[in-house]
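S.K.: Supplied in structure tokens, the structure appears directly below.
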Amino acid sequence: MTDKPLLVLWIDNADPYREALAEAGLADRVEVAVVPMAEPMPADLAARVSALVAWRSPPGALAAMPRLRWLQAMSAGVEMWLGRPDLRDDLVLTAARGVHRVSMPENILAALFHLTKPIVAAALDQRDSRWTRRVSVPLAGKTLGILGIGTIGAELARKAAALEIRVIGTRRSGVAVPGVDEVFTPDRTDHVLAAADFVLLLLPSTPDTRDFMNAGRLSAMRPDAYLLNFGRGDAVVDADLVAAVRDGTIAGAVLDVFRQEPLPAEHPFWTTPGISVWPHVGGLHPYRDALVAELLAENLRRFLAGETLSQSVDRVAGY
């Protein structure tokens with residue numbers, strides 16, 4: 001035991017985080033303890049921990065950490081932490097926003113190519129040694145509507161411009177975003193839905209966004225338009241989406257996130273023609289831990305200096 005603040009890494013792969021702290025010259029300024037995710041927090045650590053890095057924790061676990069002042073979440077979405085009775089008002093919660101800035105836009109672009117290019121069909125043709133010439137639909141001139149423009153949406157818009165894709169979308173503030181042709185406040189969502197060839201959900205999980213894409217909003221889309229969800233699974237009413245694709249209200253969907261993960265084998269998303277299931281691959285990449293570790297190191301520097309932490313969560317807004 002030392003008089004240094006205790007940082008607990010309640011994660012399985014702690015090496016990138018230890019390395020980031022060492023590179024930032026912070027390793028000697030804190031006591032670091034590692035607890036595997038599947039194990040409970042030891043009582044002696046819970047009593048002393050000042051800063052915690054974790055994916056999640058059992059209900060009530062934070063109540064046993066009286067000295068905890070800062071909780072660094074491992075993901076951009078923090079709905080698993082918000083609303084918990086043991087998340088004290090004086091406890092600073094920070095999200096891992098920004099770590100998907102490169103990987104997520106690339107995977108969303110892959111989804112757009114998946115919808116417009118005969119990539120899958122060509123692979124199936126090759127499997128059967130079948131020569132079939134197919135028509136590829138250009139992305140140039142299409143309109144991408146992003147609901148929930150943030151860091152990922154802004155980076156996606158920058159990349160989409162090179163493909164001559166027009167980008168419109170919504171953000172809570174309504175403030176303009178470089179590379180986005182038109183930015184609207186959420187009350188103009190129906191305008192975006194009616195104008196877009198592709199509607200992309202990058203919404204966080206909040207009371208205002210849960211069940212957001214219901215039958216009514218799906219019917220506001222064009223019948224030749226596609227829905228893409230790379231935000232949170234609970235933004236979509238599953239049954240309404242299945243019905244909308246089956247009856248031709250919209251052309252189809254690419255889904256990367258789901259209400260229940262893994263997606264149950266009996267779920268109709270698997271078997272509905274026009275719906276593509278991507279098993280939450282949008283933000284995954286080999287360097288994710290290294291990027292979160294960089295964020296942790298910077299926030300730890302600020303924490304020790306008494307400065308405002310980066311990516312602090314607005315609990316009212318939910319992100």
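FYI, nothing fancy with the structure tokens labels: chains A, B, ... in order, residues from 1 per chain, ligands from 1 as they appear.
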Among segment 107-310 of chain A, which residues does DSSP mark as strand (DSSP E or B) when it is run on the backbone? Keep the chain and numbering as in the structure and answer as a ChimeraX atom specification.
M.R.: /A:143-147,166-170,182-184,198-201,213,226-229,236,252-255,275-277
S.K.: List the spatial neighbours of segment 29-37 of chain A as a PDB file with N, CA, C and O atoms, in the first residue's frame - criterion: any atom at most 10 Å away, only C-alpha atoms, same-chain residues fewer than 2 positions off excluded.
M.R.:
```pdb
ATOM      1  N   MET A   1       0.846  -1.192   0.000  1.00  0.00           N
ATOM      2  CA  MET A   1       0.000   0.000   0.000  1.00  0.00           C
ATOM      3  C   MET A   1       0.883   1.243   0.000  1.00  0.00           C
ATOM      4  O   MET A   1       1.902   1.286   0.693  1.00  0.00           O
ATOM      5  N   THR A   2       0.500   2.257  -0.757  1.00  0.00           N
ATOM      6  CA  THR A   2       1.243   3.511  -0.830  1.00  0.00           C
ATOM      7  C   THR A   2       0.286   4.666  -0.588  1.00  0.00           C
ATOM      8  O   THR A   2      -0.918   4.488  -0.468  1.00  0.00           O
ATOM      9  N   ASP A   3       0.858   5.893  -0.532  1.00  0.00           N
ATOM     10  CA  ASP A   3       0.016   7.078  -0.405  1.00  0.00           C
ATOM     11  C   ASP A   3      -0.348   7.656  -1.765  1.00  0.00           C
ATOM     12  O   ASP A   3      -0.937   8.731  -1.856  1.00  0.00           O
ATOM     13  N   LYS A   4       0.007   6.963  -2.849  1.00  0.00           N
ATOM     14  CA  LYS A   4      -0.355   7.403  -4.188  1.00  0.00           C
ATOM     15  C   LYS A   4      -1.812   7.059  -4.478  1.00  0.00           C
ATOM     16  O   LYS A   4      -2.348   6.087  -3.929  1.00  0.00           O
ATOM     17  N   PRO A   5      -2.478   7.829  -5.353  1.00  0.00           N
ATOM     18  CA  PRO A   5      -3.845   7.466  -5.751  1.00  0.00           C
ATOM     19  C   PRO A   5      -3.847   6.081  -6.389  1.00  0.00           C
ATOM     20  O   PRO A   5      -2.923   5.711  -7.122  1.00  0.00           O
ATOM     21  N   LEU A   6      -4.892   5.314  -6.123  1.00  0.00           N
ATOM     22  CA  LEU A   6      -5.007   3.964  -6.682  1.00  0.00           C
ATOM     23  C   LEU A   6      -5.855   3.994  -7.941  1.00  0.00           C
ATOM     24  O   LEU A   6      -7.012   4.430  -7.926  1.00  0.00           O
ATOM     25  N   LEU A   7      -5.270   3.544  -9.037  1.00  0.00           N
ATOM     26  CA  LEU A   7      -5.969   3.370 -10.311  1.00  0.00           C
ATOM     27  C   LEU A   7      -6.188   1.880 -10.509  1.00  0.00           C
ATOM     28  O   LEU A   7      -5.225   1.109 -10.541  1.00  0.00           O
ATOM     29  N   VAL A   8      -7.449   1.457 -10.654  1.00  0.00           N
ATOM     30  CA  VAL A   8      -7.764   0.055 -10.886  1.00  0.00           C
ATOM     31  C   VAL A   8      -8.187  -0.131 -12.332  1.00  0.00           C
ATOM     32  O   VAL A   8      -9.093   0.567 -12.829  1.00  0.00           O
ATOM     33  N   LEU A   9      -7.528  -1.042 -13.013  1.00  0.00           N
ATOM     34  CA  LEU A   9      -7.886  -1.430 -14.377  1.00  0.00           C
ATOM     35  C   LEU A   9      -8.702  -2.709 -14.276  1.00  0.00           C
ATOM     36  O   LEU A   9      -8.157  -3.792 -14.116  1.00  0.00           O
ATOM     37  N   TRP A  10     -10.034  -2.581 -14.370  1.00  0.00           N
ATOM     38  CA  TRP A  10     -10.929  -3.737 -14.249  1.00  0.00           C
ATOM     39  C   TRP A  10     -11.195  -4.265 -15.653  1.00  0.00           C
ATOM     40  O   TRP A  10     -12.290  -4.220 -16.169  1.00  0.00           O
ATOM     41  N   ILE A  11     -10.137  -4.749 -16.263  1.00  0.00           N
ATOM     42  CA  ILE A  11     -10.149  -5.181 -17.657  1.00  0.00           C
ATOM     43  C   ILE A  11      -9.248  -6.397 -17.798  1.00  0.00           C
ATOM     44  O   ILE A  11      -8.489  -6.730 -16.883  1.00  0.00           O
ATOM     45  N   ASP A  12      -9.318  -7.031 -18.962  1.00  0.00           N
ATOM     46  CA  ASP A  12      -8.522  -8.242 -19.170  1.00  0.00           C
ATOM     47  C   ASP A  12      -7.150  -7.952 -19.773  1.00  0.00           C
ATOM     48  O   ASP A  12      -6.167  -8.593 -19.419  1.00  0.00           O
ATOM     49  N   ASN A  13      -7.072  -7.007 -20.708  1.00  0.00           N
ATOM     50  CA  ASN A  13      -5.812  -6.734 -21.393  1.00  0.00           C
ATOM     51  C   ASN A  13      -5.251  -5.413 -20.880  1.00  0.00           C
ATOM     52  O   ASN A  13      -5.534  -4.340 -21.431  1.00  0.00           O
ATOM     53  N   ALA A  14      -4.467  -5.480 -19.838  1.00  0.00           N
ATOM     54  CA  ALA A  14      -3.974  -4.263 -19.197  1.00  0.00           C
ATOM     55  C   ALA A  14      -2.669  -3.743 -19.782  1.00  0.00           C
ATOM     56  O   ALA A  14      -2.283  -2.601 -19.513  1.00  0.00           O
ATOM     57  N   ASP A  15      -1.973  -4.542 -20.581  1.00  0.00           N
ATOM     58  CA  ASP A  15      -0.644  -4.163 -21.056  1.00  0.00           C
ATOM     59  C   ASP A  15      -0.622  -2.830 -21.810  1.00  0.00           C
ATOM     60  O   ASP A  15       0.246  -1.985 -21.530  1.00  0.00           O
ATOM     61  N   ARG A  18      -0.832   0.016 -19.219  1.00  0.00           N
ATOM     62  CA  ARG A  18       0.402   0.201 -18.462  1.00  0.00           C
ATOM     63  C   ARG A  18       1.461   0.886 -19.330  1.00  0.00           C
ATOM     64  O   ARG A  18       2.191   1.777 -18.864  1.00  0.00           O
ATOM     65  N   LEU A  21       0.713   4.629 -19.757  1.00  0.00           N
ATOM     66  CA  LEU A  21       1.035   5.387 -18.547  1.00  0.00           C
ATOM     67  C   LEU A  21       2.541   5.572 -18.412  1.00  0.00           C
ATOM     68  O   LEU A  21       3.017   6.642 -18.004  1.00  0.00           O
ATOM     69  N   ALA A  22       3.291   4.538 -18.752  1.00  0.00           N
ATOM     70  CA  ALA A  22       4.752   4.639 -18.679  1.00  0.00           C
ATOM     71  C   ALA A  22       5.270   5.663 -19.688  1.00  0.00           C
ATOM     72  O   ALA A  22       6.133   6.495 -19.358  1.00  0.00           O
ATOM     73  N   GLY A  25       4.888   9.131 -18.607  1.00  0.00           N
ATOM     74  CA  GLY A  25       5.595   9.485 -17.392  1.00  0.00           C
ATOM     75  C   GLY A  25       4.709   9.508 -16.167  1.00  0.00           C
ATOM     76  O   GLY A  25       5.008  10.214 -15.188  1.00  0.00           O
ATOM     77  N   LEU A  26       3.640   8.719 -16.183  1.00  0.00           N
ATOM     78  CA  LEU A  26       2.670   8.730 -15.086  1.00  0.00           C
ATOM     79  C   LEU A  26       2.703   7.465 -14.238  1.00  0.00           C
ATOM     80  O   LEU A  26       2.053   7.405 -13.194  1.00  0.00           O
ATOM     81  N   ALA A  27       3.419   6.453 -14.686  1.00  0.00           N
ATOM     82  CA  ALA A  27       3.378   5.154 -14.009  1.00  0.00           C
ATOM     83  C   ALA A  27       3.816   5.243 -12.552  1.00  0.00           C
ATOM     84  O   ALA A  27       3.301   4.510 -11.700  1.00  0.00           O
ATOM     85  N   GLU A  39     -13.755 -11.334 -12.531  1.00  0.00           N
ATOM     86  CA  GLU A  39     -13.585 -11.453 -11.092  1.00  0.00           C
ATOM     87  C   GLU A  39     -14.183 -10.259 -10.362  1.00  0.00           C
ATOM     88  O   GLU A  39     -14.218  -9.152 -10.909  1.00  0.00           O
ATOM     89  N   PRO A  40     -14.657 -10.447  -9.137  1.00  0.00           N
ATOM     90  CA  PRO A  40     -15.166  -9.313  -8.357  1.00  0.00           C
ATOM     91  C   PRO A  40     -14.027  -8.419  -7.907  1.00  0.00           C
ATOM     92  O   PRO A  40     -12.873  -8.862  -7.800  1.00  0.00           O
ATOM     93  N   MET A  41     -14.359  -7.178  -7.642  1.00  0.00           N
ATOM     94  CA  MET A  41     -13.347  -6.254  -7.126  1.00  0.00           C
ATOM     95  C   MET A  41     -13.005  -6.633  -5.685  1.00  0.00           C
ATOM     96  O   MET A  41     -13.892  -6.678  -4.823  1.00  0.00           O
ATOM     97  N   PRO A  42     -11.748  -6.914  -5.371  1.00  0.00           N
ATOM     98  CA  PRO A  42     -11.373  -7.218  -3.985  1.00  0.00           C
ATOM     99  C   PRO A  42     -11.735  -6.061  -3.058  1.00  0.00           C
ATOM    100  O   PRO A  42     -11.607  -4.891  -3.420  1.00  0.00           O
ATOM    101  N   LEU A  45      -9.167  -3.259  -2.461  1.00  0.00           N
ATOM    102  CA  LEU A  45      -9.015  -2.320  -3.567  1.00  0.00           C
ATOM    103  C   LEU A  45     -10.228  -1.397  -3.664  1.00  0.00           C
ATOM    104  O   LEU A  45     -10.085  -0.186  -3.906  1.00  0.00           O
ATOM    105  N   VAL A  49      -9.760   2.664  -4.068  1.00  0.00           N
ATOM    106  CA  VAL A  49      -9.636   3.092  -5.451  1.00  0.00           C
ATOM    107  C   VAL A  49     -10.106   4.539  -5.626  1.00  0.00           C
ATOM    108  O   VAL A  49     -11.154   4.943  -5.147  1.00  0.00           O
ATOM    109  N   SER A  50      -9.271   5.321  -6.339  1.00  0.00           N
ATOM    110  CA  SER A  50      -9.598   6.715  -6.668  1.00  0.00           C
ATOM    111  C   SER A  50     -10.080   6.859  -8.104  1.00  0.00           C
ATOM    112  O   SER A  50     -10.915   7.710  -8.406  1.00  0.00           O
ATOM    113  N   ALA A  51      -9.520   6.035  -8.998  1.00  0.00           N
ATOM    114  CA  ALA A  51      -9.874   6.084 -10.420  1.00  0.00           C
ATOM    115  C   ALA A  51     -10.057   4.662 -10.923  1.00  0.00           C
ATOM    116  O   ALA A  51      -9.269   3.771 -10.584  1.00  0.00           O
ATOM    117  N   LEU A  52     -11.080   4.472 -11.751  1.00  0.00           N
ATOM    118  CA  LEU A  52     -11.433   3.132 -12.222  1.00  0.00           C
ATOM    119  C   LEU A  52     -11.603   3.136 -13.725  1.00  0.00           C
ATOM    120  O   LEU A  52     -12.249   4.028 -14.288  1.00  0.00           O
ATOM    121  N   VAL A  53     -11.044   2.127 -14.380  1.00  0.00           N
ATOM    122  CA  VAL A  53     -11.241   1.893 -15.807  1.00  0.00           C
ATOM    123  C   VAL A  53     -11.975   0.566 -15.947  1.00  0.00           C
ATOM    124  O   VAL A  53     -11.498  -0.459 -15.444  1.00  0.00           O
ATOM    125  N   ALA A  54     -13.134   0.570 -16.600  1.00  0.00           N
ATOM    126  CA  ALA A  54     -13.920  -0.662 -16.662  1.00  0.00           C
ATOM    127  C   ALA A  54     -14.905  -0.631 -17.821  1.00  0.00           C
ATOM    128  O   ALA A  54     -15.368   0.435 -18.241  1.00  0.00           O
ATOM    129  N   TRP A  55     -15.223  -1.824 -18.319  1.00  0.00           N
ATOM    130  CA  TRP A  55     -16.295  -1.987 -19.297  1.00  0.00           C
ATOM    131  C   TRP A  55     -17.652  -1.886 -18.598  1.00  0.00           C
ATOM    132  O   TRP A  55     -18.583  -1.271 -19.092  1.00  0.00           O
ATOM    133  N   ARG A  56     -17.744  -2.541 -17.457  1.00  0.00           N
ATOM    134  CA  ARG A  56     -19.004  -2.595 -16.705  1.00  0.00           C
ATOM    135  C   ARG A  56     -18.665  -3.076 -15.298  1.00  0.00           C
ATOM    136  O   ARG A  56     -17.522  -3.474 -15.018  1.00  0.00           O
ATOM    137  N   SER A  57     -19.668  -3.035 -14.422  1.00  0.00           N
ATOM    138  CA  SER A  57     -19.478  -3.590 -13.083  1.00  0.00           C
ATOM    139  C   SER A  57     -20.820  -4.101 -12.592  1.00  0.00           C
ATOM    140  O   SER A  57     -21.874  -3.657 -13.073  1.00  0.00           O
ATOM    141  N   LEU A 300      -5.662  10.855 -17.005  1.00  0.00           N
ATOM    142  CA  LEU A 300      -4.987  10.675 -15.723  1.00  0.00           C
ATOM    143  C   LEU A 300      -4.083  11.871 -15.431  1.00  0.00           C
ATOM    144  O   LEU A 300      -4.001  12.334 -14.281  1.00  0.00           O
ATOM    145  N   ARG A 301      -3.401  12.377 -16.442  1.00  0.00           N
ATOM    146  CA  ARG A 301      -2.587  13.582 -16.250  1.00  0.00           C
ATOM    147  C   ARG A 301      -3.451  14.726 -15.729  1.00  0.00           C
ATOM    148  O   ARG A 301      -3.095  15.430 -14.780  1.00  0.00           O
ATOM    149  N   LEU A 304      -4.664  14.098 -12.060  1.00  0.00           N
ATOM    150  CA  LEU A 304      -3.640  14.363 -11.061  1.00  0.00           C
ATOM    151  C   LEU A 304      -3.371  15.863 -10.917  1.00  0.00           C
ATOM    152  O   LEU A 304      -2.957  16.329  -9.851  1.00  0.00           O
TER     153      LEU A 304
END
```
S.K.: Enumerate as a PyMOL selection string all residues of segment 36-166 of chain A assigned to alpha helix (DSSP H) by DSSP on the backbone, naming them with the chain letters and numbers the document uses.
M.R.: chain A and resi 43-48+103-116+119-127+151-161
S.K.: What's around Pro16 of chain A at 7 Å? Count only C-alpha atoms, leave out sequence neighbours fewer than 2 positions away in its own chain, and write the answer as a PDB file with N, CA and C atoms, in the first residue's frame.
M.R.:
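Saved file result-v8.pdb follows:
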```pdb
ATOM      1  N   ALA A  14      -4.467  -5.480 -19.838  1.00  0.00           N
ATOM      2  CA  ALA A  14      -3.974  -4.263 -19.197  1.00  0.00           C
ATOM      3  C   ALA A  14      -2.669  -3.743 -19.782  1.00  0.00           C
ATOM      4  N   ARG A  18      -0.832   0.016 -19.219  1.00  0.00           N
ATOM      5  CA  ARG A  18       0.402   0.201 -18.462  1.00  0.00           C
ATOM      6  C   ARG A  18       1.461   0.886 -19.330  1.00  0.00           C
ATOM      7  N   GLU A  19       1.556   0.464 -20.594  1.00  0.00           N
ATOM      8  CA  GLU A  19       2.542   1.050 -21.498  1.00  0.00           C
ATOM      9  C   GLU A  19       2.260   2.525 -21.745  1.00  0.00           C
ATOM     10  N   ALA A  20       0.994   2.877 -21.920  1.00  0.00           N
ATOM     11  CA  ALA A  20       0.632   4.278 -22.165  1.00  0.00           C
ATOM     12  C   ALA A  20       0.953   5.149 -20.955  1.00  0.00           C
ATOM     13  N   ASP A 289      -7.441  -0.748 -28.125  1.00  0.00           N
ATOM     14  CA  ASP A 289      -6.944  -0.611 -26.755  1.00  0.00           C
ATOM     15  C   ASP A 289      -5.876   0.466 -26.664  1.00  0.00           C
ATOM     16  N   ALA A 290      -5.034   0.564 -27.677  1.00  0.00           N
ATOM     17  CA  ALA A 290      -3.975   1.576 -27.645  1.00  0.00           C
ATOM     18  C   ALA A 290      -4.562   2.978 -27.655  1.00  0.00           C
ATOM     19  N   ALA A 293      -6.116   3.673 -24.330  1.00  0.00           N
ATOM     20  CA  ALA A 293      -5.026   3.866 -23.365  1.00  0.00           C
ATOM     21  C   ALA A 293      -4.451   5.278 -23.467  1.00  0.00           C
TER      22      ALA A 293
END
```
S.K.: Find the residues near segment 196-211 of chain A: any atom within 7 Å, counting only C-alpha atoms, skip ones fewer than 2 places away on the same chain, and give them as a JSON list (two decimals) with C-alpha atoms, in the first residue's frame.
M.R.:
```json
[["chain", "number", "residue", "atom", "x", "y", "z"],
["A", 77, "GLY", "CA", -21.78, 4.74, -25.21],
["A", 79, "GLU", "CA", -25.88, 3.81, -21.05],
["A", 142, "LYS", "CA", -26.34, 9.93, -53.69],
["A", 143, "THR", "CA", -27.42, 11.57, -50.43],
["A", 144, "LEU", "CA", -26.33, 10.20, -47.06],
["A", 145, "GLY", "CA", -28.43, 11.36, -44.11],
["A", 146, "ILE", "CA", -26.73, 11.03, -40.74],
["A", 147, "LEU", "CA", -28.84, 11.15, -37.60],
["A", 148, "GLY", "CA", -26.53, 12.09, -34.73],
["A", 149, "ILE", "CA", -23.52, 13.82, -36.28],
["A", 192, "VAL", "CA", -33.53, 14.18, -43.61],
["A", 193, "LEU", "CA", -35.45, 10.90, -43.83],
["A", 194, "ALA", "CA", -37.33, 12.06, -46.94],
["A", 213, "MET", "CA", -36.82, 4.43, -35.83],
["A", 214, "ASN", "CA", -40.35, 3.16, -35.53],
["A", 225, "ALA", "CA", -33.69, 4.11, -49.39],
["A", 226, "TYR", "CA", -31.67, 2.00, -46.98],
["A", 227, "LEU", "CA", -31.28, 2.22, -43.21],
["A", 228, "LEU", "CA", -27.86, 1.72, -41.62],
["A", 229, "ASN", "CA", -27.49, 1.46, -37.85],
["A", 230, "PHE", "CA", -23.99, 1.82, -36.41],
["A", 231, "GLY", "CA", -25.07, 3.58, -33.23],
["A", 232, "ARG", "CA", -27.11, 1.65, -30.68],
["A", 234, "ASP", "CA", -32.28, 0.09, -29.16],
["A", 235, "ALA", "CA", -32.72, 3.03, -31.55],
["A", 236, "VAL", "CA", -34.64, 0.69, -33.89],
["A", 237, "VAL", "CA", -37.97, -1.03, -33.26],
["A", 318, "GLY", "CA", -26.88, 10.82, -21.85],
["A", 319, "TYR", "CA", -23.52, 11.07, -23.61]]
```
S.K.: Find the residue from A:Val137, A:Val242, A:Arg172, A:Gln126 that sits nearest to Thr189 of chain A; use only C-alpha atoms when measuring.
M.R.: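 Of all the options, A:Arg172 lies closest to Thr189 of chain A.
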S.K.: Give me, as a ChimeraX atom specification, all polymer residues having an atom no more than 12 Å from Ala162 of chain A, counting only C-alpha atoms and skipping those fewer than 4 positions away in the same chain.
M.R.: /A:109,139-141,155-158,166-167,179
S.K.: Please report the interatomic distance between atom CA of Gly153 of chain A and atom CA of Gly169 of chain A in Å with one decimal.
M.R.: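 Between these atoms lies a distance of 8.9 Å.
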S.K.: Quick one: which segment 148-259 of chain A residues come within 6 Å of segment 277-280 of chain A, and what is the nearest atom pair for each with the distance in Å to one decimal, counting only C-alpha atoms, rows ordered by chain and ascending number, as JSON lines?
M.R.:
```
{"residue": "A:Leu255", "atom": "CA", "partner": "A:Val277", "partner_atom": "CA", "distance": 5.3}
{"residue": "A:Asp256", "atom": "CA", "partner": "A:Trp278", "partner_atom": "CA", "distance": 4.6}
{"residue": "A:Val257", "atom": "CA", "partner": "A:His280", "partner_atom": "CA", "distance": 5.3}
```
S.K.: For atom CA of Ala251 of chain A and atom CA of Ser129 of chain A, determine how far apart the two atoms are, in Å to one decimal place.
M.R.: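 Separation between atom CA of Ala251 of chain A and atom CA of Ser129 of chain A: 29.0 Å.
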S.K.: Could you give me, as number ranges by chain, the residues within 9 Å of Phe184 of chain A, counting only C-alpha atoms and dropping anything in the same chain fewer than 3 positions from it?
M.R.: A: 168-176, 187-189, 191-192
S.K.: Just write the chosen residues, all heavy atoms, as a compact mmCIF listing (two decimals), in the first residue's frame.
M.R.:
```
# COMPACT_ATOMS: atom_id res chain seq x y z
N ILE A 168 -26.08 15.13 -45.48
CA ILE A 168 -26.91 15.98 -44.66
C ILE A 168 -27.10 15.27 -43.32
O ILE A 168 -26.72 14.10 -43.18
CB ILE A 168 -28.27 16.28 -45.31
CG1 ILE A 168 -29.07 14.98 -45.51
CG2 ILE A 168 -28.09 17.00 -46.63
CD1 ILE A 168 -30.47 15.20 -46.06
N GLY A 169 -27.67 15.93 -42.34
CA GLY A 169 -27.87 15.22 -41.09
C GLY A 169 -28.36 16.10 -39.97
O GLY A 169 -28.65 17.29 -40.15
N THR A 170 -28.47 15.49 -38.79
CA THR A 170 -28.94 16.19 -37.61
C THR A 170 -27.90 16.12 -36.50
O THR A 170 -27.15 15.16 -36.39
CB THR A 170 -30.25 15.57 -37.07
OG1 THR A 170 -30.01 14.22 -36.63
CG2 THR A 170 -31.34 15.57 -38.14
N ARG A 171 -27.88 17.16 -35.71
CA ARG A 171 -27.15 17.17 -34.45
C ARG A 171 -27.91 18.06 -33.49
O ARG A 171 -28.63 18.97 -33.93
CB ARG A 171 -25.70 17.61 -34.62
CG ARG A 171 -25.52 19.05 -35.05
CD ARG A 171 -24.07 19.41 -35.32
NE ARG A 171 -23.18 19.08 -34.23
CZ ARG A 171 -21.98 19.64 -34.07
NH1 ARG A 171 -21.55 20.55 -34.93
NH2 ARG A 171 -21.20 19.30 -33.05
N ARG A 172 -27.76 17.79 -32.23
CA ARG A 172 -28.59 18.48 -31.24
C ARG A 172 -28.43 20.00 -31.31
O ARG A 172 -29.40 20.74 -31.20
CB ARG A 172 -28.25 17.98 -29.84
CG ARG A 172 -29.22 18.47 -28.77
CD ARG A 172 -28.95 17.83 -27.44
NE ARG A 172 -27.60 18.09 -26.94
CZ ARG A 172 -27.24 17.96 -25.68
NH1 ARG A 172 -28.11 17.53 -24.78
NH2 ARG A 172 -26.01 18.21 -25.30
N SER A 173 -27.21 20.48 -31.52
CA SER A 173 -26.96 21.91 -31.54
C SER A 173 -27.38 22.57 -32.85
O SER A 173 -27.63 23.77 -32.89
CB SER A 173 -25.48 22.19 -31.31
OG SER A 173 -24.71 21.72 -32.40
N GLY A 174 -27.42 21.79 -33.93
CA GLY A 174 -27.71 22.36 -35.24
C GLY A 174 -26.55 23.13 -35.84
O GLY A 174 -26.68 23.70 -36.94
N VAL A 175 -25.41 23.16 -35.16
CA VAL A 175 -24.24 23.90 -35.65
C VAL A 175 -23.64 23.20 -36.86
O VAL A 175 -23.59 21.97 -36.93
CB VAL A 175 -23.19 24.05 -34.53
CG1 VAL A 175 -21.93 24.71 -35.05
CG2 VAL A 175 -23.78 24.84 -33.37
N ALA A 176 -23.19 23.99 -37.83
CA ALA A 176 -22.63 23.45 -39.06
C ALA A 176 -21.42 22.57 -38.78
O ALA A 176 -20.68 22.78 -37.81
CB ALA A 176 -22.24 24.59 -40.00
N ASP A 187 -35.53 18.16 -34.58
CA ASP A 187 -36.93 18.33 -34.94
C ASP A 187 -37.15 18.34 -36.45
O ASP A 187 -38.29 18.26 -36.91
CB ASP A 187 -37.49 19.61 -34.32
CG ASP A 187 -36.77 20.85 -34.81
OD1 ASP A 187 -35.55 20.94 -34.63
OD2 ASP A 187 -37.44 21.74 -35.37
N ARG A 188 -36.06 18.40 -37.23
CA ARG A 188 -36.15 18.33 -38.69
C ARG A 188 -35.76 16.95 -39.21
O ARG A 188 -35.44 16.79 -40.38
CB ARG A 188 -35.24 19.38 -39.32
CG ARG A 188 -35.56 20.83 -38.96
CD ARG A 188 -36.85 21.32 -39.61
NE ARG A 188 -36.85 21.12 -41.04
CZ ARG A 188 -36.21 21.91 -41.92
NH1 ARG A 188 -35.50 22.95 -41.48
NH2 ARG A 188 -36.27 21.68 -43.21
N THR A 189 -35.82 15.95 -38.36
CA THR A 189 -35.44 14.60 -38.75
C THR A 189 -36.21 14.12 -39.97
O THR A 189 -35.64 13.51 -40.89
CB THR A 189 -35.65 13.61 -37.58
OG1 THR A 189 -34.73 13.93 -36.54
CG2 THR A 189 -35.42 12.18 -38.03
N HIS A 191 -37.28 15.65 -42.47
CA HIS A 191 -36.73 16.23 -43.71
C HIS A 191 -35.54 15.41 -44.18
O HIS A 191 -35.41 15.13 -45.39
CB HIS A 191 -36.31 17.67 -43.45
CG HIS A 191 -35.63 18.32 -44.63
ND1 HIS A 191 -36.34 18.84 -45.70
CD2 HIS A 191 -34.31 18.49 -44.92
CE1 HIS A 191 -35.48 19.32 -46.59
NE2 HIS A 191 -34.25 19.12 -46.15
N VAL A 192 -34.69 15.00 -43.26
CA VAL A 192 -33.53 14.18 -43.61
C VAL A 192 -33.99 12.81 -44.11
O VAL A 192 -33.47 12.30 -45.12
CB VAL A 192 -32.59 14.03 -42.40
CG1 VAL A 192 -31.43 13.09 -42.73
CG2 VAL A 192 -32.07 15.39 -41.97
```
S.K.: Could you state the separation of atom CA of Ala47 of chain A and atom CA of Pro66 of chain A in Å, given to one decimal place?
M.R.: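 About the pair atom CA of Ala47 of chain A and atom CA of Pro66 of chain A: they are 6.4 Å apart.
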S.K.: For Val120 of chain A, work out the shell of residues within 12 Å, counting only C-alpha atoms and skipping chain neighbours fewer than 5 positions away, then give it as an NGL selection string.
M.R.: :A and (111 or 113-115 or 125-127 or 134 or 136 or 276)
S.K.: Once you have the residues from the selection above, write them out as a PDB file, in the first residue's frame, restricted to C-alpha atoms.
M.R.:
```pdb
ATOM      1  CA  ALA A 111     -21.656  -0.934 -45.886  1.00  0.00           C
ATOM      2  CA  PHE A 113     -20.320  -0.364 -51.091  1.00  0.00           C
ATOM      3  CA  HIS A 114     -22.022  -3.550 -49.904  1.00  0.00           C
ATOM      4  CA  LEU A 115     -25.403  -2.057 -50.810  1.00  0.00           C
ATOM      5  CA  ASP A 125     -20.842 -16.674 -58.391  1.00  0.00           C
ATOM      6  CA  GLN A 126     -17.178 -17.595 -57.963  1.00  0.00           C
ATOM      7  CA  ARG A 127     -18.093 -20.303 -55.475  1.00  0.00           C
ATOM      8  CA  ARG A 134     -23.786  -7.461 -62.868  1.00  0.00           C
ATOM      9  CA  SER A 136     -22.873  -1.612 -60.002  1.00  0.00           C
ATOM     10  CA  SER A 276     -27.754  -7.544 -43.624  1.00  0.00           C
TER      11      SER A 276
END
```
S.K.: Would you please work out which residue, of A:Gly216, A:Pro105, A:Gly248, A:Pro223, is nearest to Gly150 of chain A when using only C-alpha atoms?
M.R.: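 With only C-alpha atoms as the atom set, the closest residue is A:Pro105.
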S.K.: Measuring between only C-alpha atoms, which one of A:Arg246, A:His267, A:Lys159, A:Thr116 shows the shortest distance to Met104 of chain A?
M.R.: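 Looking only at the distances to Met104 of chain A, the closest residue turns out to be A:Lys159.
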